[in-house]
>>> print(open('coords.txt').read())   # compact mmCIF, C-alpha atoms and all ligand atoms
# COMPACT_ATOMS: atom_id res chain seq x y z
CA MET P 1 0.00 0.00 0.00
CA SER P 2 1.41 3.40 -0.90
CA PRO P 3 1.87 5.85 1.98
CA PRO P 4 -0.76 8.58 2.38
CA PRO P 5 0.07 11.97 0.87
CA LEU P 6 1.59 14.58 3.16
CA VAL P 7 -0.97 17.17 2.10
CA ALA P 8 -4.28 16.74 0.25
CA LEU P 9 -6.30 19.66 -1.09
CA ARG P 10 -9.86 18.62 -1.82
CA GLY P 11 -12.24 20.90 -3.71
CA VAL P 12 -10.40 23.92 -2.38
CA GLY P 13 -11.62 27.42 -3.16
CA VAL P 14 -10.38 30.75 -1.84
CA ARG P 15 -12.47 33.90 -2.23
CA PHE P 16 -11.00 37.07 -0.75
CA ALA P 17 -13.11 39.71 0.98
CA ASN P 18 -13.03 41.90 -2.15
CA GLY P 19 -14.70 39.11 -4.16
CA THR P 20 -11.56 37.89 -5.98
CA GLU P 21 -11.84 34.15 -6.59
CA ALA P 22 -8.15 33.33 -6.15
CA LEU P 23 -8.68 29.55 -6.31
CA ALA P 24 -11.61 27.31 -7.29
CA GLY P 25 -12.08 23.55 -7.17
CA VAL P 26 -8.45 22.64 -6.52
CA ASP P 27 -7.79 18.92 -6.00
CA LEU P 28 -4.11 18.28 -5.44
CA GLU P 29 -2.01 15.91 -3.37
CA VAL P 30 1.58 16.38 -2.30
CA GLY P 31 3.37 13.09 -1.65
CA ALA P 32 5.90 12.77 1.17
CA GLY P 33 9.37 13.34 -0.25
CA GLU P 34 8.24 14.66 -3.61
CA PHE P 35 9.23 17.88 -5.37
CA LEU P 36 6.09 19.51 -6.74
CA SER P 37 6.21 22.72 -8.77
CA LEU P 38 3.29 25.08 -9.28
CA LEU P 39 3.66 26.63 -12.74
CA GLY P 40 1.40 29.33 -14.13
CA PRO P 41 0.97 32.98 -15.08
CA SER P 42 0.85 35.81 -12.53
CA GLY P 43 -2.39 35.95 -10.62
CA CYS P 44 -3.37 32.27 -11.06
CA GLY P 45 -3.20 31.66 -7.30
CA LYS P 46 0.20 30.02 -6.85
CA SER P 47 1.13 32.06 -3.77
CA THR P 48 -2.37 31.63 -2.37
CA LEU P 49 -2.04 27.85 -2.74
CA LEU P 50 1.32 27.93 -0.97
CA ARG P 51 -0.10 30.00 1.89
CA LEU P 52 -2.99 27.53 2.24
CA VAL P 53 -0.55 24.63 2.57
CA ALA P 54 1.44 26.63 5.14
CA GLY P 55 -1.75 27.17 7.13
CA LEU P 56 -1.43 30.96 6.84
CA ILE P 57 -4.90 31.23 5.31
CA ARG P 58 -7.96 29.00 5.37
CA PRO P 59 -9.95 27.84 2.36
CA SER P 60 -13.39 29.40 1.77
CA SER P 61 -14.57 25.99 0.53
CA GLY P 62 -13.16 22.47 0.49
CA GLU P 63 -10.40 21.32 2.82
CA VAL P 64 -6.65 21.16 3.24
CA ALA P 65 -5.95 17.83 4.93
CA PHE P 66 -2.86 16.10 6.29
CA PRO P 67 -3.86 12.43 5.84
CA GLY P 68 -0.71 11.04 7.44
CA GLY P 69 -1.50 12.73 10.73
CA ALA P 70 -1.21 16.24 12.01
CA ARG P 71 0.06 19.21 10.04
CA PRO P 72 3.82 18.68 9.63
CA GLY P 73 5.64 19.96 12.68
CA GLY P 74 7.93 22.16 10.73
CA VAL P 75 7.29 24.16 7.61
CA GLY P 76 10.11 26.19 6.04
CA PHE P 77 9.23 29.15 3.81
CA VAL P 78 11.54 30.81 1.28
CA PHE P 79 10.48 33.92 -0.65
CA GLN P 80 11.80 35.64 -3.79
CA ASP P 81 13.51 38.17 -1.56
CA ALA P 82 15.97 36.62 0.89
CA THR P 83 14.43 38.79 3.68
CA LEU P 84 17.56 38.71 5.85
CA MET P 85 18.03 40.99 8.85
CA PRO P 86 20.66 43.47 7.55
CA TRP P 87 22.08 44.12 11.02
CA ALA P 88 22.80 40.45 11.74
CA THR P 89 25.51 38.10 10.46
CA ALA P 90 24.77 35.13 8.20
CA LEU P 91 25.05 32.88 11.27
CA ALA P 92 22.64 34.98 13.33
CA ASN P 93 20.18 35.09 10.43
CA ALA P 94 20.31 31.34 9.93
CA SER P 95 19.95 30.58 13.64
CA LEU P 96 16.97 32.92 14.16
CA PRO P 97 14.19 30.25 13.91
CA LEU P 98 15.99 28.16 16.55
CA ARG P 99 16.55 31.12 18.86
CA LEU P 100 12.83 32.02 18.51
CA ARG P 101 12.03 28.46 19.64
CA GLY P 102 14.18 28.90 22.70
CA VAL P 103 17.13 26.76 21.60
CA ALA P 104 20.24 27.79 23.55
CA ARG P 105 22.72 29.96 21.66
CA GLY P 106 25.52 27.39 21.54
CA GLU P 107 23.36 24.67 20.03
CA ALA P 108 21.54 27.12 17.73
CA ASP P 109 24.84 28.45 16.40
CA ALA P 110 26.22 24.95 15.83
CA ARG P 111 23.12 23.89 13.91
CA ALA P 112 23.06 27.15 11.93
CA ALA P 113 26.73 26.68 11.02
CA ALA P 114 25.92 23.16 9.77
CA ALA P 115 22.98 24.52 7.75
CA LEU P 116 25.23 27.21 6.23
CA ALA P 117 27.79 24.53 5.36
CA ALA P 118 25.04 22.44 3.70
CA VAL P 119 24.23 25.36 1.38
CA GLY P 120 27.91 25.92 0.56
CA LEU P 121 28.58 28.88 2.86
CA SER P 122 31.26 27.51 5.18
CA GLY P 123 33.55 30.38 6.12
CA PHE P 124 30.83 33.03 5.69
CA GLU P 125 29.27 32.67 9.15
CA ARG P 126 30.44 36.14 10.24
CA ALA P 127 29.61 37.89 6.94
CA TRP P 128 26.97 40.62 6.83
CA PRO P 129 24.17 40.37 4.27
CA ARG P 130 25.50 43.47 2.44
CA GLU P 131 28.80 41.65 1.87
CA LEU P 132 27.09 38.71 0.15
CA SER P 133 25.95 38.35 -3.48
CA GLY P 134 22.26 37.83 -4.29
CA GLY P 135 22.83 34.09 -4.70
CA MET P 136 24.66 33.86 -1.37
CA ARG P 137 21.91 35.79 0.42
CA MET P 138 19.41 33.30 -1.01
CA ARG P 139 21.60 30.46 0.27
CA VAL P 140 21.41 31.98 3.78
CA SER P 141 17.64 32.20 3.39
CA ILE P 142 17.49 28.49 2.45
CA ALA P 143 19.77 27.59 5.39
CA ARG P 144 17.43 29.53 7.71
CA ALA P 145 14.43 27.64 6.30
CA LEU P 146 16.10 24.24 6.73
CA VAL P 147 17.73 24.84 10.13
CA THR P 148 14.67 23.55 11.99
CA ARG P 149 14.68 20.39 9.81
CA PRO P 150 11.14 20.92 8.48
CA SER P 151 9.28 18.11 6.77
CA LEU P 152 7.87 20.57 4.24
CA LEU P 153 9.72 23.34 2.39
CA LEU P 154 7.57 25.94 0.61
CA MET P 155 9.39 28.13 -1.91
CA ASP P 156 7.78 31.12 -3.64
CA GLU P 157 9.85 31.96 -6.75
CA PRO P 158 13.06 31.93 -4.73
CA PHE P 159 15.45 32.24 -7.68
CA ALA P 160 13.48 34.57 -9.97
CA ALA P 161 15.68 37.60 -9.27
CA LEU P 162 18.99 35.79 -9.81
CA ASP P 163 21.09 35.61 -12.98
CA GLU P 164 20.73 32.42 -14.99
CA ILE P 165 24.10 30.88 -14.08
CA THR P 166 23.55 31.44 -10.36
CA ARG P 167 20.03 30.12 -10.72
CA HIS P 168 21.20 26.90 -12.36
CA ARG P 169 23.76 26.36 -9.61
CA LEU P 170 21.15 26.92 -6.90
CA ASN P 171 18.78 24.53 -8.70
CA ASP P 172 21.40 21.77 -8.52
CA ASP P 173 22.25 22.53 -4.90
CA LEU P 174 18.57 22.51 -3.97
CA LEU P 175 18.14 19.08 -5.57
CA ARG P 176 21.14 17.80 -3.62
CA LEU P 177 19.78 19.24 -0.36
CA ARG P 178 16.43 17.61 -1.06
CA GLU P 179 18.09 14.24 -1.62
CA GLU P 180 20.11 14.57 1.58
CA SER P 181 17.31 15.80 3.83
CA GLY P 182 14.33 14.01 2.29
CA VAL P 183 12.32 17.21 2.73
CA THR P 184 9.12 17.55 0.68
CA VAL P 185 9.20 20.66 -1.53
CA VAL P 186 6.40 22.74 -3.06
CA PHE P 187 7.98 25.28 -5.39
CA VAL P 188 6.33 28.21 -7.20
CA THR P 189 7.84 29.23 -10.51
CA HIS P 190 7.05 31.09 -13.74
CA SER P 191 9.73 29.14 -15.54
CA VAL P 192 8.89 26.00 -17.51
CA PHE P 193 12.60 25.07 -17.59
CA GLU P 194 13.04 25.47 -13.85
CA GLY P 195 9.83 23.59 -13.04
CA VAL P 196 10.78 20.65 -15.24
CA TYR P 197 14.41 20.57 -14.12
CA LEU P 198 13.60 20.46 -10.41
CA SER P 199 10.40 18.53 -10.07
CA SER P 200 9.00 15.07 -9.80
CA ARG P 201 5.64 16.60 -10.85
CA VAL P 202 4.56 19.95 -12.28
CA ALA P 203 1.07 21.30 -11.56
CA VAL P 204 0.07 23.69 -14.36
CA MET P 205 -2.32 26.43 -13.25
CA ALA P 206 -4.63 28.89 -15.00
CA ALA P 207 -6.14 32.17 -13.79
CA ARG P 208 -9.62 33.64 -13.26
CA PRO P 209 -10.45 31.68 -11.28
CA GLY P 210 -7.13 30.19 -10.20
CA ARG P 211 -7.16 26.44 -10.76
CA VAL P 212 -4.97 23.44 -11.50
CA VAL P 213 -5.53 22.37 -15.12
CA ALA P 214 -2.90 19.65 -15.53
CA VAL P 215 -0.44 17.70 -13.42
CA LEU P 216 2.55 16.39 -15.37
CA PRO P 217 4.79 13.67 -13.94
CA ILE P 218 8.42 14.38 -14.84
CA GLY P 219 9.81 10.96 -15.63
CA ALA P 220 13.50 11.78 -15.48
CA PRO P 221 16.15 10.21 -13.26
CA SER P 222 16.84 11.77 -9.88
CA PRO P 223 19.39 13.13 -9.21
CA ARG P 224 19.58 14.62 -12.70
CA PRO P 225 22.50 13.10 -14.63
CA PRO P 226 25.32 15.31 -15.95
CA GLY P 227 24.30 17.04 -19.17
CA PHE P 228 20.57 16.64 -18.43
CA ARG P 229 19.91 20.37 -18.93
CA THR P 230 21.03 20.22 -22.54
CA SER P 231 19.60 16.76 -23.32
CA ALA P 232 16.88 15.96 -25.86
CA GLU P 233 14.96 14.29 -23.01
CA PHE P 234 14.86 17.57 -21.03
CA ALA P 235 13.84 19.52 -24.16
CA ALA P 236 10.97 17.09 -24.81
CA LEU P 237 9.73 17.37 -21.21
CA CYS P 238 9.91 21.19 -21.42
CA ARG P 239 7.95 21.16 -24.68
CA GLU P 240 5.24 19.07 -23.01
CA ALA P 241 5.03 21.46 -20.03
CA ALA P 242 5.10 24.56 -22.27
CA THR P 243 2.25 23.14 -24.36
CA ALA P 244 0.20 22.47 -21.22
CA LEU P 245 0.89 26.02 -20.04
CA GLU P 246 -0.17 27.51 -23.39
CA GLU P 247 -3.39 25.50 -23.28
CA ALA P 248 -3.94 26.67 -19.69
CA MET P 249 -3.55 30.31 -20.70
CA ALA P 250 -5.92 29.91 -23.65
CA ALA P 251 -8.54 28.12 -21.52
P1 LIG X 1 0.21 34.23 -8.16
O1 LIG X 1 1.07 33.84 -7.01
O2 LIG X 1 -0.07 33.10 -9.10
O3 LIG X 1 0.73 35.43 -8.91
P2 LIG X 1 -1.69 35.04 -6.10
O4 LIG X 1 -1.98 33.81 -5.34
O5 LIG X 1 -0.73 36.02 -5.52
O6 LIG X 1 -1.23 34.64 -7.61
O7 LIG X 1 -3.05 35.82 -6.36
C1 LIG X 1 -4.19 35.21 -6.98
C2 LIG X 1 -5.27 36.27 -7.13
O8 LIG X 1 -5.75 36.66 -5.85
C3 LIG X 1 -4.79 37.54 -7.81
O9 LIG X 1 -5.84 38.06 -8.60
C4 LIG X 1 -4.48 38.45 -6.63
O10 LIG X 1 -4.61 39.81 -7.02
C5 LIG X 1 -5.56 38.04 -5.65
N1 LIG X 1 -5.16 38.21 -4.23
C6 LIG X 1 -4.09 37.67 -3.62
N2 LIG X 1 -4.07 37.98 -2.30
C7 LIG X 1 -5.18 38.74 -2.08
C8 LIG X 1 -5.74 39.37 -0.92
N3 LIG X 1 -5.18 39.26 0.28
N4 LIG X 1 -6.89 40.08 -1.10
C9 LIG X 1 -7.49 40.17 -2.31
N5 LIG X 1 -7.02 39.59 -3.44
C10 LIG X 1 -5.88 38.88 -3.33
>>> encode(input="coords.txt", output="structure tokens", more="lines below")
Ligand code: ADP
Amino acid sequence: MSPPPLVALRGVGVRFANGTEALAGVDLEVGAGEFLSLLGPSGCGKSTLLRLVAGLIRPSSGEVAFPGGARPGGVGFVFQDATLMPWATALANASLPLRLRGVARGEADARAAAALAAVGLSGFERAWPRELSGGMRMRVSIARALVTRPSLLLMDEPFAALDEITRHRLNDDLLRLREESGVTVVFVTHSVFEGVYLSSRVAVMAARPGRVVAVLPIGAPSPRPPGFRTSAEFAALCREAATALEEAMAA
């Protein structure tokens, strides 16, 4: 018997107070350990869906269930902006969630240093955010999200503001971190290429009202083999996702 999904959205709708129907009739499951991307145009409800899963908002209709038990103890959130505290070092930024939970400074710092090392920032513990590149600031943000060892990592276009080379490197590092930690990831992106490269499944969304119109399994080996980004296999998967997105936008 296959294990129950970590999260199950059943007939979920969200209508905001101003009447905007941000989501309607969303049925979507997130399996434990999977990497699911939400792909769609601006305004189709991707961020709203992420906030529902995080428990930050409640659905107006339908339900968000956690069939395996309670809501996962830890949820990490990463935004497009790294949202670091400018007056605190990389180490202090990464250890913040532990300090807020009352973990003693020594242990919090040791775990934050390990999280920084996992994202490739050994030696930058004492650096200030202003001394770090955009990609490095995002790495600190990911370390901060993972420092509590969450079972679920929610990422809202985390790499959209980065240059393409940095973005590709962070994509590979994120896949490695996912393999190592086993964390389940739900990832919002505008990019067909990024969604296909990272994911085990891509949920294609359409707007007005926001809804999921297709869910594409990405049948490619994990971890991605060397040269995958330039392979015919990757190109074919991207074409499939791009076609689904075009159909979604025409619908
Ligand atoms: P996406 O992340 O795909 O760009 P969002 O989930 O941010 O889309 O928004 C979906 C729709 O809901 C948009 O039309 C947006 O303007 C609207 N919306 C989002 N948050 C609110 C809110 N708090 N109040 C009213 N409308 C909102």
>>> residues_near_ligand(input="coords.txt", ligand="ligand LIG 1 (chain X)", cutoff="7 Å", atoms="only C-alpha atoms and all ligand atoms", output="list in words")
Phe16, Ala17, Asn18, Thr20, Glu21, Ala22, Gly40, Pro41, Ser42, Gly43, Cys44, Gly45, Lys46, Ser47, Thr48, Leu49 and Gly210 of chain P
>>> write_last_selection(input="coords.txt", atoms="C-alpha atoms", output="mmCIF file, in the frame of the given file")
data_model
loop_
_atom_site.group_PDB
_atom_site.id
_atom_site.type_symbol
_atom_site.label_atom_id
_atom_site.label_comp_id
_atom_site.auth_asym_id
_atom_site.auth_seq_id
_atom_site.Cartn_x
_atom_site.Cartn_y
_atom_site.Cartn_z
ATOM 1 C CA PHE P 16 -11.000 37.070 -0.750
ATOM 2 C CA ALA P 17 -13.110 39.710 0.980
ATOM 3 C CA ASN P 18 -13.030 41.900 -2.150
ATOM 4 C CA THR P 20 -11.560 37.890 -5.980
ATOM 5 C CA GLU P 21 -11.840 34.150 -6.590
ATOM 6 C CA ALA P 22 -8.150 33.330 -6.150
ATOM 7 C CA GLY P 40 1.400 29.330 -14.130
ATOM 8 C CA PRO P 41 0.970 32.980 -15.080
ATOM 9 C CA SER P 42 0.850 35.810 -12.530
ATOM 10 C CA GLY P 43 -2.390 35.950 -10.620
ATOM 11 C CA CYS P 44 -3.370 32.270 -11.060
ATOM 12 C CA GLY P 45 -3.200 31.660 -7.300
ATOM 13 C CA LYS P 46 0.200 30.020 -6.850
ATOM 14 C CA SER P 47 1.130 32.060 -3.770
ATOM 15 C CA THR P 48 -2.370 31.630 -2.370
ATOM 16 C CA LEU P 49 -2.040 27.850 -2.740
ATOM 17 C CA GLY P 210 -7.130 30.190 -10.200
#
>>> closest_residue(input="coords.txt", among="P:Gly135, P:Pro221, P:Pro3, P:Gly102", to="P:Ala32", atoms="only C-alpha atoms")
P:Pro3
>>> closest_residue(input="coords.txt", among="P:Val12, P:Val204, P:Ala82, P:Ala88", to="P:Ala65", atoms="all atoms listed in the file")
P:Val12
>>> closest_residue(input="coords.txt", among="P:Leu98, P:Leu38, P:Leu152, P:Leu50", to="P:Ala203", atoms="all atoms listed in the file")
P:Leu38
>>> closest_atom_pairs(input="coords.txt", of="stretch 96-192 of chain P", to="stretch 73-80 of chain P", cutoff="12 Å", atoms="all atoms listed in the file", output="Markdown table")
| residue | atom | partner | partner_atom | distance |
| --- | --- | --- | --- | --- |
| P:Pro97 | CA | P:Gly76 | CA | 9.8 |
| P:Leu98 | CA | P:Gly74 | CA | 11.6 |
| P:Arg101 | CA | P:Gly74 | CA | 11.7 |
| P:Gly134 | CA | P:Gln80 | CA | 10.7 |
| P:Gly135 | CA | P:Gln80 | CA | 11.2 |
| P:Arg137 | CA | P:Gln80 | CA | 11.0 |
| P:Met138 | CA | P:Gln80 | CA | 8.4 |
| P:Arg139 | CA | P:Val78 | CA | 10.1 |
| P:Val140 | CA | P:Val78 | CA | 10.2 |
| P:Ser141 | CA | P:Val78 | CA | 6.6 |
| P:Ile142 | CA | P:Val78 | CA | 6.5 |
| P:Ala143 | CA | P:Val78 | CA | 9.7 |
| P:Arg144 | CA | P:Gly76 | CA | 8.2 |
| P:Ala145 | CA | P:Gly76 | CA | 4.6 |
| P:Leu146 | CA | P:Gly76 | CA | 6.3 |
| P:Val147 | CA | P:Gly76 | CA | 8.8 |
| P:Thr148 | CA | P:Gly74 | CA | 7.0 |
| P:Arg149 | CA | P:Gly74 | CA | 7.0 |
| P:Pro150 | CA | P:Gly74 | CA | 4.1 |
| P:Ser151 | CA | P:Gly74 | CA | 5.8 |
| P:Leu152 | CA | P:Val75 | CA | 5.0 |
| P:Leu153 | CA | P:Gly76 | CA | 4.6 |
| P:Leu154 | CA | P:Phe77 | CA | 4.8 |
| P:Met155 | CA | P:Val78 | CA | 4.7 |
| P:Asp156 | CA | P:Phe79 | CA | 4.9 |
| P:Glu157 | CA | P:Gln80 | CA | 5.1 |
| P:Pro158 | CA | P:Gln80 | CA | 4.0 |
| P:Phe159 | CA | P:Gln80 | CA | 6.3 |
| P:Ala160 | CA | P:Gln80 | CA | 6.5 |
| P:Ala161 | CA | P:Gln80 | CA | 7.0 |
| P:Leu162 | CA | P:Gln80 | CA | 9.4 |
| P:Val183 | CA | P:Gly76 | CA | 9.8 |
| P:Thr184 | CA | P:Val75 | CA | 9.8 |
| P:Val185 | CA | P:Gly76 | CA | 9.4 |
| P:Val186 | CA | P:Phe77 | CA | 9.8 |
| P:Phe187 | CA | P:Val78 | CA | 9.4 |
| P:Val188 | CA | P:Phe79 | CA | 9.6 |
| P:Thr189 | CA | P:Gln80 | CA | 10.1 |
| P:His190 | CA | P:Gln80 | CA | 11.9 |
>>> residues_around(input="coords.txt", residues="P:Arg239", least_positions_apart="5", cutoff="12 Å", atoms="all atoms listed in the file", output="PyMOL selection string")
chain P and resi 192-193+196+216+218+232-234+244-246
>>> residues_around(input="coords.txt", residues="P:Asp172", least_positions_apart="6", cutoff="9 Å", atoms="all atoms listed in the file", output="number ranges by chain")
P: 198, 223-224
>>> write_last_selection(input="coords.txt", atoms="C-alpha atoms", output="PDB file, in the frame of the given file")
ATOM      1  CA  LEU P 198      13.600  20.460 -10.410  1.00  0.00           C
ATOM      2  CA  PRO P 223      19.390  13.130  -9.210  1.00  0.00           C
ATOM      3  CA  ARG P 224      19.580  14.620 -12.700  1.00  0.00           C
TER       4      ARG P 224
END
>>> residues_around(input="coords.txt", residues="P:Gly62", least_positions_apart="2", cutoff="7 Å", atoms="only C-alpha atoms", output="ChimeraX atom specification")
/P:10-13,59
>>> closest_residue(input="coords.txt", among="P:Val7, P:Val30, P:Met85, P:Leu174", to="P:Glu63", atoms="only C-alpha atoms")
P:Val7
>>> closest_residue(input="coords.txt", among="P:Val213, P:Ala236, P:Gly227, P:Pro67", to="P:Ala250", atoms="all atoms listed in the file")
P:Val213
>>> atom_distance(input="coords.txt", atom1="atom CA of P:Leu96", atom2="atom CA of P:Asp109")
9.3 Å
>>> residues_around(input="coords.txt", residues="P:Pro86", least_positions_apart="5", cutoff="12 Å", atoms="only C-alpha atoms", output="list in words")
Ala92, Asn93, Ala127, Trp128, Pro129, Arg130, Glu131, Leu132 and Arg137 of chain P
>>> atom_distance(input="coords.txt", atom1="atom CA of P:Ser191", atom2="atom CA of P:Asn171")
12.2 Å
>>> residues_around(input="coords.txt", residues="P:Gly106", least_positions_apart="5", cutoff="12 Å", atoms="all atoms listed in the file", output="VMD selection string")
chain P and resid 91 to 92 95 98 to 99 111 to 113
